[in-house]
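File shown: data.cif. Contents: mmCIF, N, CA and C atoms.
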```cif
data_model
#
loop_
_atom_site.label_atom_id
_atom_site.label_comp_id
_atom_site.auth_asym_id
_atom_site.auth_seq_id
_atom_site.Cartn_x
_atom_site.Cartn_y
_atom_site.Cartn_z
N SER D 1 8.01 -6.59 -12.23
CA SER D 1 7.79 -6.27 -10.83
C SER D 1 6.38 -6.62 -10.39
N GLN D 2 5.46 -6.77 -11.33
CA GLN D 2 4.07 -7.07 -11.00
C GLN D 2 3.96 -8.33 -10.14
N ALA D 3 4.61 -9.40 -10.57
CA ALA D 3 4.53 -10.68 -9.86
C ALA D 3 5.20 -10.61 -8.49
N ASN D 4 6.15 -9.70 -8.32
CA ASN D 4 6.88 -9.60 -7.05
C ASN D 4 6.20 -8.71 -6.02
N LEU D 5 5.06 -8.12 -6.36
CA LEU D 5 4.39 -7.18 -5.46
C LEU D 5 3.73 -7.93 -4.30
N SER D 6 4.20 -7.68 -3.07
CA SER D 6 3.59 -8.30 -1.89
C SER D 6 2.27 -7.60 -1.60
N TRP D 7 1.50 -8.20 -0.70
CA TRP D 7 0.24 -7.56 -0.30
C TRP D 7 0.54 -6.18 0.32
N GLY D 8 1.58 -6.10 1.15
CA GLY D 8 1.95 -4.83 1.75
C GLY D 8 2.33 -3.80 0.71
N GLY D 9 3.07 -4.25 -0.32
CA GLY D 9 3.46 -3.35 -1.42
C GLY D 9 2.24 -2.84 -2.17
N PHE D 10 1.30 -3.74 -2.44
CA PHE D 10 0.05 -3.36 -3.10
C PHE D 10 -0.68 -2.31 -2.27
N THR D 11 -0.75 -2.54 -0.95
CA THR D 11 -1.44 -1.61 -0.04
C THR D 11 -0.79 -0.23 -0.07
N ILE D 12 0.53 -0.18 -0.02
CA ILE D 12 1.26 1.10 -0.05
C ILE D 12 0.95 1.85 -1.35
N LEU D 13 1.03 1.15 -2.49
CA LEU D 13 0.74 1.79 -3.78
C LEU D 13 -0.70 2.28 -3.81
N TRP D 14 -1.63 1.46 -3.30
CA TRP D 14 -3.04 1.82 -3.32
C TRP D 14 -3.30 3.07 -2.48
N VAL D 15 -2.73 3.12 -1.26
CA VAL D 15 -2.93 4.27 -0.37
C VAL D 15 -2.38 5.55 -1.03
N LEU D 16 -1.20 5.47 -1.65
CA LEU D 16 -0.62 6.64 -2.32
C LEU D 16 -1.45 7.04 -3.54
N TRP D 17 -2.01 6.06 -4.23
CA TRP D 17 -2.84 6.32 -5.41
C TRP D 17 -4.11 7.05 -5.01
N VAL D 18 -4.72 6.61 -3.91
CA VAL D 18 -5.99 7.20 -3.46
C VAL D 18 -5.78 8.57 -2.81
N TRP D 19 -4.78 8.67 -1.92
CA TRP D 19 -4.62 9.88 -1.12
C TRP D 19 -3.52 10.82 -1.60
N GLY D 20 -2.68 10.38 -2.52
CA GLY D 20 -1.61 11.23 -3.01
C GLY D 20 -0.38 11.16 -2.11
N GLU D 21 0.62 12.01 -2.40
CA GLU D 21 1.89 11.96 -1.67
C GLU D 21 1.65 12.10 -0.16
N MET D 22 2.53 11.46 0.59
CA MET D 22 2.31 11.36 2.02
C MET D 22 3.65 11.17 2.73
N GLU D 23 3.74 11.72 3.96
CA GLU D 23 4.94 11.49 4.76
C GLU D 23 4.96 10.06 5.27
N THR D 24 6.17 9.53 5.49
CA THR D 24 6.32 8.12 5.89
C THR D 24 5.54 7.77 7.16
N ALA D 25 5.52 8.64 8.16
CA ALA D 25 4.81 8.34 9.42
C ALA D 25 3.32 8.13 9.16
N GLN D 26 2.73 9.00 8.36
CA GLN D 26 1.30 8.89 8.04
C GLN D 26 1.04 7.65 7.18
N LEU D 27 1.94 7.39 6.23
CA LEU D 27 1.81 6.23 5.34
C LEU D 27 1.85 4.94 6.15
N ALA D 28 2.76 4.85 7.11
CA ALA D 28 2.85 3.67 7.98
C ALA D 28 1.53 3.46 8.72
N ASP D 29 0.97 4.56 9.26
CA ASP D 29 -0.33 4.48 9.96
C ASP D 29 -1.43 4.00 9.04
N GLU D 30 -1.53 4.61 7.86
CA GLU D 30 -2.60 4.28 6.90
C GLU D 30 -2.53 2.82 6.47
N CYS D 31 -1.32 2.28 6.38
CA CYS D 31 -1.13 0.90 5.91
C CYS D 31 -1.11 -0.11 7.06
N GLY D 32 -1.15 0.39 8.30
CA GLY D 32 -1.09 -0.49 9.46
C GLY D 32 0.25 -1.20 9.60
N LEU D 33 1.33 -0.49 9.27
CA LEU D 33 2.68 -1.08 9.31
C LEU D 33 3.56 -0.34 10.31
N ALA D 34 4.50 -1.08 10.91
CA ALA D 34 5.52 -0.45 11.74
C ALA D 34 6.43 0.35 10.81
N LYS D 35 7.00 1.45 11.30
CA LYS D 35 7.87 2.30 10.46
C LYS D 35 9.05 1.53 9.88
N GLY D 36 9.64 0.65 10.69
CA GLY D 36 10.76 -0.16 10.21
C GLY D 36 10.37 -1.08 9.07
N THR D 37 9.19 -1.69 9.19
CA THR D 37 8.65 -2.57 8.13
C THR D 37 8.40 -1.75 6.87
N LEU D 38 7.78 -0.58 7.05
CA LEU D 38 7.49 0.29 5.91
C LEU D 38 8.77 0.66 5.16
N THR D 39 9.82 1.02 5.89
CA THR D 39 11.08 1.43 5.26
C THR D 39 11.62 0.36 4.32
N GLY D 40 11.63 -0.89 4.79
CA GLY D 40 12.10 -2.00 3.96
C GLY D 40 11.26 -2.16 2.70
N MET D 41 9.93 -2.02 2.86
CA MET D 41 9.03 -2.16 1.72
C MET D 41 9.22 -1.00 0.74
N LEU D 42 9.42 0.21 1.27
CA LEU D 42 9.65 1.38 0.40
C LEU D 42 10.95 1.20 -0.38
N ASN D 43 11.98 0.63 0.25
CA ASN D 43 13.25 0.37 -0.45
C ASN D 43 13.01 -0.51 -1.67
N THR D 44 12.23 -1.58 -1.48
CA THR D 44 11.92 -2.52 -2.57
C THR D 44 11.12 -1.83 -3.67
N LEU D 45 10.08 -1.09 -3.28
CA LEU D 45 9.22 -0.42 -4.27
C LEU D 45 10.00 0.65 -5.03
N GLU D 46 10.92 1.34 -4.33
CA GLU D 46 11.73 2.37 -4.98
C GLU D 46 12.72 1.73 -5.95
N LYS D 47 13.27 0.59 -5.57
CA LYS D 47 14.20 -0.14 -6.44
C LYS D 47 13.52 -0.54 -7.76
N HIS D 48 12.23 -0.88 -7.67
CA HIS D 48 11.45 -1.22 -8.87
C HIS D 48 10.87 0.02 -9.56
N GLU D 49 11.29 1.22 -9.08
CA GLU D 49 10.88 2.51 -9.66
C GLU D 49 9.36 2.73 -9.63
N LEU D 50 8.71 2.23 -8.55
CA LEU D 50 7.27 2.39 -8.41
C LEU D 50 6.91 3.62 -7.56
N LEU D 51 7.88 4.12 -6.82
CA LEU D 51 7.66 5.33 -6.03
C LEU D 51 8.96 6.08 -5.85
N GLU D 52 8.83 7.31 -5.34
CA GLU D 52 9.99 8.16 -5.10
C GLU D 52 9.90 8.74 -3.70
N ARG D 53 11.07 8.92 -3.08
CA ARG D 53 11.12 9.54 -1.74
C ARG D 53 11.94 10.81 -1.82
N ALA D 54 11.51 11.82 -1.06
CA ALA D 54 12.26 13.08 -0.99
C ALA D 54 12.22 13.60 0.43
N ARG D 55 13.36 14.09 0.93
CA ARG D 55 13.39 14.70 2.26
C ARG D 55 12.78 16.10 2.16
N LEU D 56 12.05 16.48 3.19
CA LEU D 56 11.46 17.82 3.22
C LEU D 56 12.55 18.85 3.52
N GLU D 57 12.56 19.94 2.76
CA GLU D 57 13.56 21.00 2.96
C GLU D 57 13.48 21.57 4.37
N ALA D 58 12.26 21.76 4.87
CA ALA D 58 12.05 22.38 6.19
C ALA D 58 12.57 21.51 7.33
N ASP D 59 12.48 20.20 7.17
CA ASP D 59 12.91 19.27 8.23
C ASP D 59 13.45 18.01 7.56
N ARG D 60 14.78 17.90 7.49
CA ARG D 60 15.44 16.82 6.73
C ARG D 60 15.14 15.42 7.28
N ARG D 61 14.59 15.34 8.51
CA ARG D 61 14.27 14.02 9.06
C ARG D 61 12.98 13.46 8.46
N ARG D 62 12.15 14.35 7.92
CA ARG D 62 10.86 13.94 7.39
C ARG D 62 10.97 13.62 5.90
N VAL D 63 10.32 12.52 5.52
CA VAL D 63 10.42 12.03 4.14
C VAL D 63 9.02 11.95 3.52
N LEU D 64 8.91 12.50 2.32
CA LEU D 64 7.67 12.48 1.55
C LEU D 64 7.75 11.38 0.50
N VAL D 65 6.70 10.55 0.40
CA VAL D 65 6.66 9.44 -0.55
C VAL D 65 5.62 9.75 -1.62
N THR D 66 6.00 9.57 -2.88
CA THR D 66 5.14 9.86 -4.03
C THR D 66 5.18 8.69 -5.00
N LEU D 67 4.03 8.35 -5.58
CA LEU D 67 4.01 7.34 -6.64
C LEU D 67 4.74 7.86 -7.87
N SER D 68 5.49 6.99 -8.53
CA SER D 68 6.07 7.35 -9.83
C SER D 68 5.02 7.08 -10.90
N ASP D 69 5.29 7.48 -12.14
CA ASP D 69 4.37 7.19 -13.24
C ASP D 69 4.20 5.68 -13.39
N THR D 70 5.29 4.93 -13.25
CA THR D 70 5.24 3.47 -13.36
C THR D 70 4.37 2.88 -12.26
N GLY D 71 4.53 3.37 -11.03
CA GLY D 71 3.72 2.90 -9.91
C GLY D 71 2.25 3.20 -10.11
N THR D 72 1.96 4.40 -10.63
CA THR D 72 0.57 4.79 -10.90
C THR D 72 -0.05 3.87 -11.94
N GLU D 73 0.69 3.60 -13.03
CA GLU D 73 0.19 2.70 -14.08
C GLU D 73 -0.07 1.31 -13.52
N LEU D 74 0.85 0.81 -12.69
CA LEU D 74 0.72 -0.54 -12.14
C LEU D 74 -0.51 -0.65 -11.25
N ILE D 75 -0.70 0.28 -10.30
CA ILE D 75 -1.83 0.17 -9.38
C ILE D 75 -3.14 0.44 -10.12
N ALA D 76 -3.15 1.32 -11.09
CA ALA D 76 -4.37 1.59 -11.88
C ALA D 76 -4.77 0.35 -12.68
N ASP D 77 -3.79 -0.44 -13.09
CA ASP D 77 -4.03 -1.68 -13.83
C ASP D 77 -4.46 -2.81 -12.89
N LEU D 78 -3.77 -2.92 -11.75
CA LEU D 78 -4.02 -4.02 -10.81
C LEU D 78 -5.30 -3.87 -10.01
N PHE D 79 -5.63 -2.65 -9.58
CA PHE D 79 -6.73 -2.48 -8.64
C PHE D 79 -8.07 -3.01 -9.17
N PRO D 80 -8.49 -2.68 -10.39
CA PRO D 80 -9.77 -3.22 -10.87
C PRO D 80 -9.79 -4.76 -10.91
N LYS D 81 -8.66 -5.37 -11.27
CA LYS D 81 -8.57 -6.84 -11.30
C LYS D 81 -8.70 -7.39 -9.90
N PHE D 82 -8.01 -6.77 -8.95
CA PHE D 82 -8.07 -7.20 -7.56
C PHE D 82 -9.49 -7.06 -7.03
N ASN D 83 -10.13 -5.92 -7.33
CA ASN D 83 -11.48 -5.63 -6.85
C ASN D 83 -12.48 -6.67 -7.36
N MET D 84 -12.35 -7.04 -8.63
CA MET D 84 -13.24 -8.03 -9.25
C MET D 84 -13.03 -9.40 -8.58
N PHE D 85 -11.76 -9.77 -8.39
CA PHE D 85 -11.41 -11.04 -7.76
C PHE D 85 -11.96 -11.09 -6.33
N GLU D 86 -11.74 -10.00 -5.59
CA GLU D 86 -12.19 -9.93 -4.20
C GLU D 86 -13.71 -10.07 -4.13
N GLY D 87 -14.41 -9.40 -5.04
CA GLY D 87 -15.87 -9.47 -5.08
C GLY D 87 -16.37 -10.88 -5.33
N SER D 88 -15.74 -11.59 -6.27
CA SER D 88 -16.18 -12.94 -6.60
C SER D 88 -15.85 -13.92 -5.46
N MET D 89 -14.74 -13.67 -4.75
CA MET D 89 -14.33 -14.57 -3.67
C MET D 89 -15.23 -14.46 -2.44
N SER D 90 -15.82 -13.29 -2.21
CA SER D 90 -16.61 -13.08 -0.99
C SER D 90 -18.10 -12.90 -1.27
N SER D 91 -18.55 -13.29 -2.46
CA SER D 91 -19.94 -13.02 -2.87
C SER D 91 -20.99 -13.70 -1.99
N GLY D 92 -20.67 -14.84 -1.35
CA GLY D 92 -21.66 -15.52 -0.52
C GLY D 92 -21.75 -15.03 0.91
N LEU D 93 -20.93 -14.03 1.28
CA LEU D 93 -20.89 -13.56 2.67
C LEU D 93 -21.83 -12.39 2.90
N SER D 94 -22.39 -12.33 4.11
CA SER D 94 -23.19 -11.17 4.52
C SER D 94 -22.25 -9.99 4.74
N PRO D 95 -22.79 -8.76 4.83
CA PRO D 95 -21.92 -7.61 5.13
C PRO D 95 -21.12 -7.81 6.43
N ASP D 96 -21.75 -8.36 7.47
CA ASP D 96 -21.03 -8.63 8.73
C ASP D 96 -19.94 -9.67 8.51
N GLY D 97 -20.24 -10.69 7.72
CA GLY D 97 -19.26 -11.73 7.40
C GLY D 97 -18.07 -11.16 6.66
N LYS D 98 -18.33 -10.24 5.73
CA LYS D 98 -17.25 -9.60 4.96
C LYS D 98 -16.35 -8.76 5.88
N ARG D 99 -16.98 -8.04 6.81
CA ARG D 99 -16.20 -7.22 7.76
C ARG D 99 -15.32 -8.11 8.63
N GLU D 100 -15.89 -9.22 9.11
CA GLU D 100 -15.13 -10.14 9.95
C GLU D 100 -13.98 -10.77 9.16
N LEU D 101 -14.25 -11.15 7.91
CA LEU D 101 -13.21 -11.72 7.05
C LEU D 101 -12.08 -10.70 6.86
N ALA D 102 -12.44 -9.44 6.58
CA ALA D 102 -11.43 -8.38 6.37
C ALA D 102 -10.59 -8.21 7.64
N ARG D 103 -11.25 -8.23 8.82
CA ARG D 103 -10.53 -8.07 10.09
C ARG D 103 -9.53 -9.21 10.29
N LEU D 104 -9.96 -10.44 10.04
CA LEU D 104 -9.09 -11.60 10.22
C LEU D 104 -7.96 -11.61 9.19
N LEU D 105 -8.27 -11.24 7.95
CA LEU D 105 -7.24 -11.21 6.91
C LEU D 105 -6.16 -10.18 7.22
N ARG D 106 -6.56 -9.04 7.79
CA ARG D 106 -5.56 -8.02 8.17
C ARG D 106 -4.57 -8.60 9.18
N ILE D 107 -5.06 -9.37 10.13
CA ILE D 107 -4.19 -10.00 11.14
C ILE D 107 -3.23 -10.97 10.45
N VAL D 108 -3.77 -11.82 9.58
CA VAL D 108 -2.96 -12.81 8.88
C VAL D 108 -1.91 -12.12 8.01
N ILE D 109 -2.32 -11.08 7.29
CA ILE D 109 -1.43 -10.36 6.38
C ILE D 109 -0.31 -9.66 7.15
N ASN D 110 -0.66 -9.02 8.28
CA ASN D 110 0.36 -8.36 9.09
C ASN D 110 1.36 -9.37 9.63
N ASN D 111 0.88 -10.57 10.01
CA ASN D 111 1.78 -11.62 10.46
C ASN D 111 2.69 -12.09 9.33
N ALA D 112 2.15 -12.22 8.13
CA ALA D 112 2.92 -12.68 6.97
C ALA D 112 3.97 -11.66 6.56
N ASP D 113 3.62 -10.37 6.63
CA ASP D 113 4.54 -9.32 6.20
C ASP D 113 5.65 -9.05 7.21
N SER D 114 5.44 -9.45 8.48
CA SER D 114 6.47 -9.16 9.49
C SER D 114 7.41 -10.34 9.71
#
```

Could you write out this structure as structure tokens?
Amino acid sequence: SQANLSWGGFTILWVLWVWGEMETAQLADECGLAKGTLTGMLNTLEKHELLERARLEADRRRVLVTLSDTGTELIADLFPKFNMFEGSMSSGLSPDGKRELARLLRIVINNADS
């Protein structure tokens, strides 16, 4: 499943790894994804056993998303490699240049994922 992880999938795993379990509405916001887009991505990640979803007892319409042990291992393994790669790729840029690059990449990535 490592090779099949999209940028959006990586982002979802990373957000859950950093912030812990989260409801789908908040997760969509944190990842900058439409709820419909998030649902499709969660289906894929759940199929690869990287996360789990559970309906809240208090309100069955609300869904809580949690990383599985496999998902935690994957993101803990991938993140340092990604961080090192990202650092080497942008080493010649000023802080303002890095911010602008990140802003433009988010636009490109959102277009690619939709």

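If only C-alpha atoms are the atoms counted, then among D:Asp59, D:Ala28, D:Gly20, D:Ala102 the closest residue to Ser90 in chain D is D:Ala102.
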
Quick one: residues within 9 Å of Cys31 in chain D, only C-alpha atoms, excluding same-chain residues fewer than 6 positions away - as a VMD selection string? chain D and resid 8 11 to 12 15 38

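Here, the PyMOL selection byres (((chain D and resi 52-54 and name CA) around 8) and name CA) matches Glu46, Glu49, Leu50, Leu51, Arg55, Leu56, Val63, Leu64, Val65, Thr66, Leu67 and Ser68 of chain D.
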
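Picture a line from CA of Ile107 in chain D to CA of Gly92 in chain D; it runs 21.7 Å.
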
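The two atoms in question, CA of Leu33 in chain D and atom N of Leu93 in chain D, are spaced 28.1 Å apart.
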
Suppose a student applies the PyMOL selection byres (((chain D and resi 111 and name CA) around 12) and name CA) to this structure; what residues should they get, written as a PDB file with N, CA and C atoms, in the coordinates of the input?
```
ATOM      1  N   TRP D   7       1.500  -8.200  -0.700  1.00  0.00           N
ATOM      2  CA  TRP D   7       0.240  -7.560  -0.300  1.00  0.00           C
ATOM      3  C   TRP D   7       0.540  -6.180   0.320  1.00  0.00           C
ATOM      4  N   GLY D   8       1.580  -6.100   1.150  1.00  0.00           N
ATOM      5  CA  GLY D   8       1.950  -4.830   1.750  1.00  0.00           C
ATOM      6  C   GLY D   8       2.330  -3.800   0.710  1.00  0.00           C
ATOM      7  N   GLY D  32      -1.150   0.390   8.300  1.00  0.00           N
ATOM      8  CA  GLY D  32      -1.090  -0.490   9.460  1.00  0.00           C
ATOM      9  C   GLY D  32       0.250  -1.200   9.600  1.00  0.00           C
ATOM     10  N   LEU D  33       1.330  -0.490   9.270  1.00  0.00           N
ATOM     11  CA  LEU D  33       2.680  -1.080   9.310  1.00  0.00           C
ATOM     12  C   LEU D  33       3.560  -0.340  10.310  1.00  0.00           C
ATOM     13  N   ALA D  34       4.500  -1.080  10.910  1.00  0.00           N
ATOM     14  CA  ALA D  34       5.520  -0.450  11.740  1.00  0.00           C
ATOM     15  C   ALA D  34       6.430   0.350  10.810  1.00  0.00           C
ATOM     16  N   THR D  37       9.190  -1.690   9.190  1.00  0.00           N
ATOM     17  CA  THR D  37       8.650  -2.570   8.130  1.00  0.00           C
ATOM     18  C   THR D  37       8.400  -1.750   6.870  1.00  0.00           C
ATOM     19  N   LEU D 104      -9.960 -10.440  10.040  1.00  0.00           N
ATOM     20  CA  LEU D 104      -9.090 -11.600  10.220  1.00  0.00           C
ATOM     21  C   LEU D 104      -7.960 -11.610   9.190  1.00  0.00           C
ATOM     22  N   LEU D 105      -8.270 -11.240   7.950  1.00  0.00           N
ATOM     23  CA  LEU D 105      -7.240 -11.210   6.910  1.00  0.00           C
ATOM     24  C   LEU D 105      -6.160 -10.180   7.220  1.00  0.00           C
ATOM     25  N   ARG D 106      -6.560  -9.040   7.790  1.00  0.00           N
ATOM     26  CA  ARG D 106      -5.560  -8.020   8.170  1.00  0.00           C
ATOM     27  C   ARG D 106      -4.570  -8.600   9.180  1.00  0.00           C
ATOM     28  N   ILE D 107      -5.060  -9.370  10.130  1.00  0.00           N
ATOM     29  CA  ILE D 107      -4.190 -10.000  11.140  1.00  0.00           C
ATOM     30  C   ILE D 107      -3.230 -10.970  10.450  1.00  0.00           C
ATOM     31  N   VAL D 108      -3.770 -11.820   9.580  1.00  0.00           N
ATOM     32  CA  VAL D 108      -2.960 -12.810   8.880  1.00  0.00           C
ATOM     33  C   VAL D 108      -1.910 -12.120   8.010  1.00  0.00           C
ATOM     34  N   ILE D 109      -2.320 -11.080   7.290  1.00  0.00           N
ATOM     35  CA  ILE D 109      -1.430 -10.360   6.380  1.00  0.00           C
ATOM     36  C   ILE D 109      -0.310  -9.660   7.150  1.00  0.00           C
ATOM     37  N   ASN D 110      -0.660  -9.020   8.280  1.00  0.00           N
ATOM     38  CA  ASN D 110       0.360  -8.360   9.090  1.00  0.00           C
ATOM     39  C   ASN D 110       1.360  -9.370   9.630  1.00  0.00           C
ATOM     40  N   ALA D 112       2.150 -12.220   8.130  1.00  0.00           N
ATOM     41  CA  ALA D 112       2.920 -12.680   6.970  1.00  0.00           C
ATOM     42  C   ALA D 112       3.970 -11.660   6.560  1.00  0.00           C
ATOM     43  N   ASP D 113       3.620 -10.370   6.630  1.00  0.00           N
ATOM     44  CA  ASP D 113       4.540  -9.320   6.200  1.00  0.00           C
ATOM     45  C   ASP D 113       5.650  -9.050   7.210  1.00  0.00           C
ATOM     46  N   SER D 114       5.440  -9.450   8.480  1.00  0.00           N
ATOM     47  CA  SER D 114       6.470  -9.160   9.490  1.00  0.00           C
ATOM     48  C   SER D 114       7.410 -10.340   9.710  1.00  0.00           C
TER      49      SER D 114
END
```

Determine which residues of chain D DSSP labels as helix (DSSP H, G or I) from the backbone of this structure, then write them out as a PyMOL selection string. chain D and resi 7-19+24-31+35-47+69-89+95-113

Please compute the CA of Met89 in chain D-CA of Thr72 in chain D distance, one decimal, in Å. 25.5 Å

Dump of range 23-32 of chain D from preceding block, all heavy atoms, as a PDB file, in the first residue's frame:
```pdb
ATOM      1  N   GLU D  23     -13.343  13.775  13.812  1.00  0.00           N
ATOM      2  CA  GLU D  23     -14.562  13.595  13.029  1.00  0.00           C
ATOM      3  C   GLU D  23     -14.293  13.972  11.575  1.00  0.00           C
ATOM      4  O   GLU D  23     -13.425  14.799  11.283  1.00  0.00           O
ATOM      5  CB  GLU D  23     -15.682  14.469  13.591  1.00  0.00           C
ATOM      6  CG  GLU D  23     -16.317  13.879  14.828  1.00  0.00           C
ATOM      7  CD  GLU D  23     -17.564  14.627  15.237  1.00  0.00           C
ATOM      8  OE1 GLU D  23     -18.397  14.939  14.358  1.00  0.00           O
ATOM      9  OE2 GLU D  23     -17.698  14.900  16.442  1.00  0.00           O
ATOM     10  N   THR D  24     -15.049  13.360  10.663  1.00  0.00           N
ATOM     11  CA  THR D  24     -14.821  13.568   9.223  1.00  0.00           C
ATOM     12  C   THR D  24     -14.902  15.036   8.810  1.00  0.00           C
ATOM     13  O   THR D  24     -14.092  15.480   8.005  1.00  0.00           O
ATOM     14  CB  THR D  24     -15.806  12.738   8.374  1.00  0.00           C
ATOM     15  OG1 THR D  24     -17.129  12.967   8.841  1.00  0.00           O
ATOM     16  CG2 THR D  24     -15.480  11.267   8.418  1.00  0.00           C
ATOM     17  N   ALA D  25     -15.836  15.801   9.352  1.00  0.00           N
ATOM     18  CA  ALA D  25     -15.982  17.218   8.967  1.00  0.00           C
ATOM     19  C   ALA D  25     -14.710  18.002   9.298  1.00  0.00           C
ATOM     20  O   ALA D  25     -14.209  18.778   8.479  1.00  0.00           O
ATOM     21  CB  ALA D  25     -17.192  17.838   9.648  1.00  0.00           C
ATOM     22  N   GLN D  26     -14.176  17.782  10.490  1.00  0.00           N
ATOM     23  CA  GLN D  26     -12.953  18.471  10.910  1.00  0.00           C
ATOM     24  C   GLN D  26     -11.758  17.987  10.088  1.00  0.00           C
ATOM     25  O   GLN D  26     -10.911  18.779   9.682  1.00  0.00           O
ATOM     26  CB  GLN D  26     -12.706  18.237  12.402  1.00  0.00           C
ATOM     27  CG  GLN D  26     -11.560  19.083  12.946  1.00  0.00           C
ATOM     28  CD  GLN D  26     -11.183  18.734  14.377  1.00  0.00           C
ATOM     29  OE1 GLN D  26     -11.808  17.869  14.999  1.00  0.00           O
ATOM     30  NE2 GLN D  26     -10.168  19.390  14.892  1.00  0.00           N
ATOM     31  N   LEU D  27     -11.706  16.690   9.820  1.00  0.00           N
ATOM     32  CA  LEU D  27     -10.609  16.107   9.033  1.00  0.00           C
ATOM     33  C   LEU D  27     -10.605  16.696   7.623  1.00  0.00           C
ATOM     34  O   LEU D  27      -9.542  17.059   7.102  1.00  0.00           O
ATOM     35  CB  LEU D  27     -10.742  14.586   8.992  1.00  0.00           C
ATOM     36  CG  LEU D  27      -9.627  13.795   8.314  1.00  0.00           C
ATOM     37  CD1 LEU D  27      -8.261  14.078   8.942  1.00  0.00           C
ATOM     38  CD2 LEU D  27      -9.930  12.307   8.357  1.00  0.00           C
ATOM     39  N   ALA D  28     -11.771  16.829   7.011  1.00  0.00           N
ATOM     40  CA  ALA D  28     -11.876  17.433   5.676  1.00  0.00           C
ATOM     41  C   ALA D  28     -11.322  18.859   5.703  1.00  0.00           C
ATOM     42  O   ALA D  28     -10.542  19.241   4.826  1.00  0.00           O
ATOM     43  CB  ALA D  28     -13.322  17.419   5.198  1.00  0.00           C
ATOM     44  N   ASP D  29     -11.700  19.623   6.733  1.00  0.00           N
ATOM     45  CA  ASP D  29     -11.196  21.003   6.881  1.00  0.00           C
ATOM     46  C   ASP D  29      -9.681  21.029   7.028  1.00  0.00           C
ATOM     47  O   ASP D  29      -8.998  21.790   6.346  1.00  0.00           O
ATOM     48  CB  ASP D  29     -11.805  21.676   8.126  1.00  0.00           C
ATOM     49  CG  ASP D  29     -13.221  22.171   7.881  1.00  0.00           C
ATOM     50  OD1 ASP D  29     -13.659  22.199   6.713  1.00  0.00           O
ATOM     51  OD2 ASP D  29     -13.879  22.532   8.872  1.00  0.00           O
ATOM     52  N   GLU D  30      -9.154  20.201   7.926  1.00  0.00           N
ATOM     53  CA  GLU D  30      -7.705  20.177   8.199  1.00  0.00           C
ATOM     54  C   GLU D  30      -6.902  19.808   6.956  1.00  0.00           C
ATOM     55  O   GLU D  30      -5.789  20.274   6.773  1.00  0.00           O
ATOM     56  CB  GLU D  30      -7.380  19.185   9.327  1.00  0.00           C
ATOM     57  CG  GLU D  30      -7.873  19.592  10.692  1.00  0.00           C
ATOM     58  CD  GLU D  30      -7.147  20.783  11.290  1.00  0.00           C
ATOM     59  OE1 GLU D  30      -5.988  21.051  10.905  1.00  0.00           O
ATOM     60  OE2 GLU D  30      -7.752  21.461  12.146  1.00  0.00           O
ATOM     61  N   CYS D  31      -7.470  18.952   6.111  1.00  0.00           N
ATOM     62  CA  CYS D  31      -6.761  18.475   4.914  1.00  0.00           C
ATOM     63  C   CYS D  31      -7.056  19.332   3.689  1.00  0.00           C
ATOM     64  O   CYS D  31      -6.479  19.103   2.619  1.00  0.00           O
ATOM     65  CB  CYS D  31      -7.126  17.019   4.629  1.00  0.00           C
ATOM     66  SG  CYS D  31      -6.612  15.890   5.926  1.00  0.00           S
ATOM     67  N   GLY D  32      -7.973  20.297   3.826  1.00  0.00           N
ATOM     68  CA  GLY D  32      -8.348  21.140   2.701  1.00  0.00           C
ATOM     69  C   GLY D  32      -9.069  20.372   1.603  1.00  0.00           C
ATOM     70  O   GLY D  32      -8.854  20.605   0.419  1.00  0.00           O
TER      71      GLY D  32
END
```
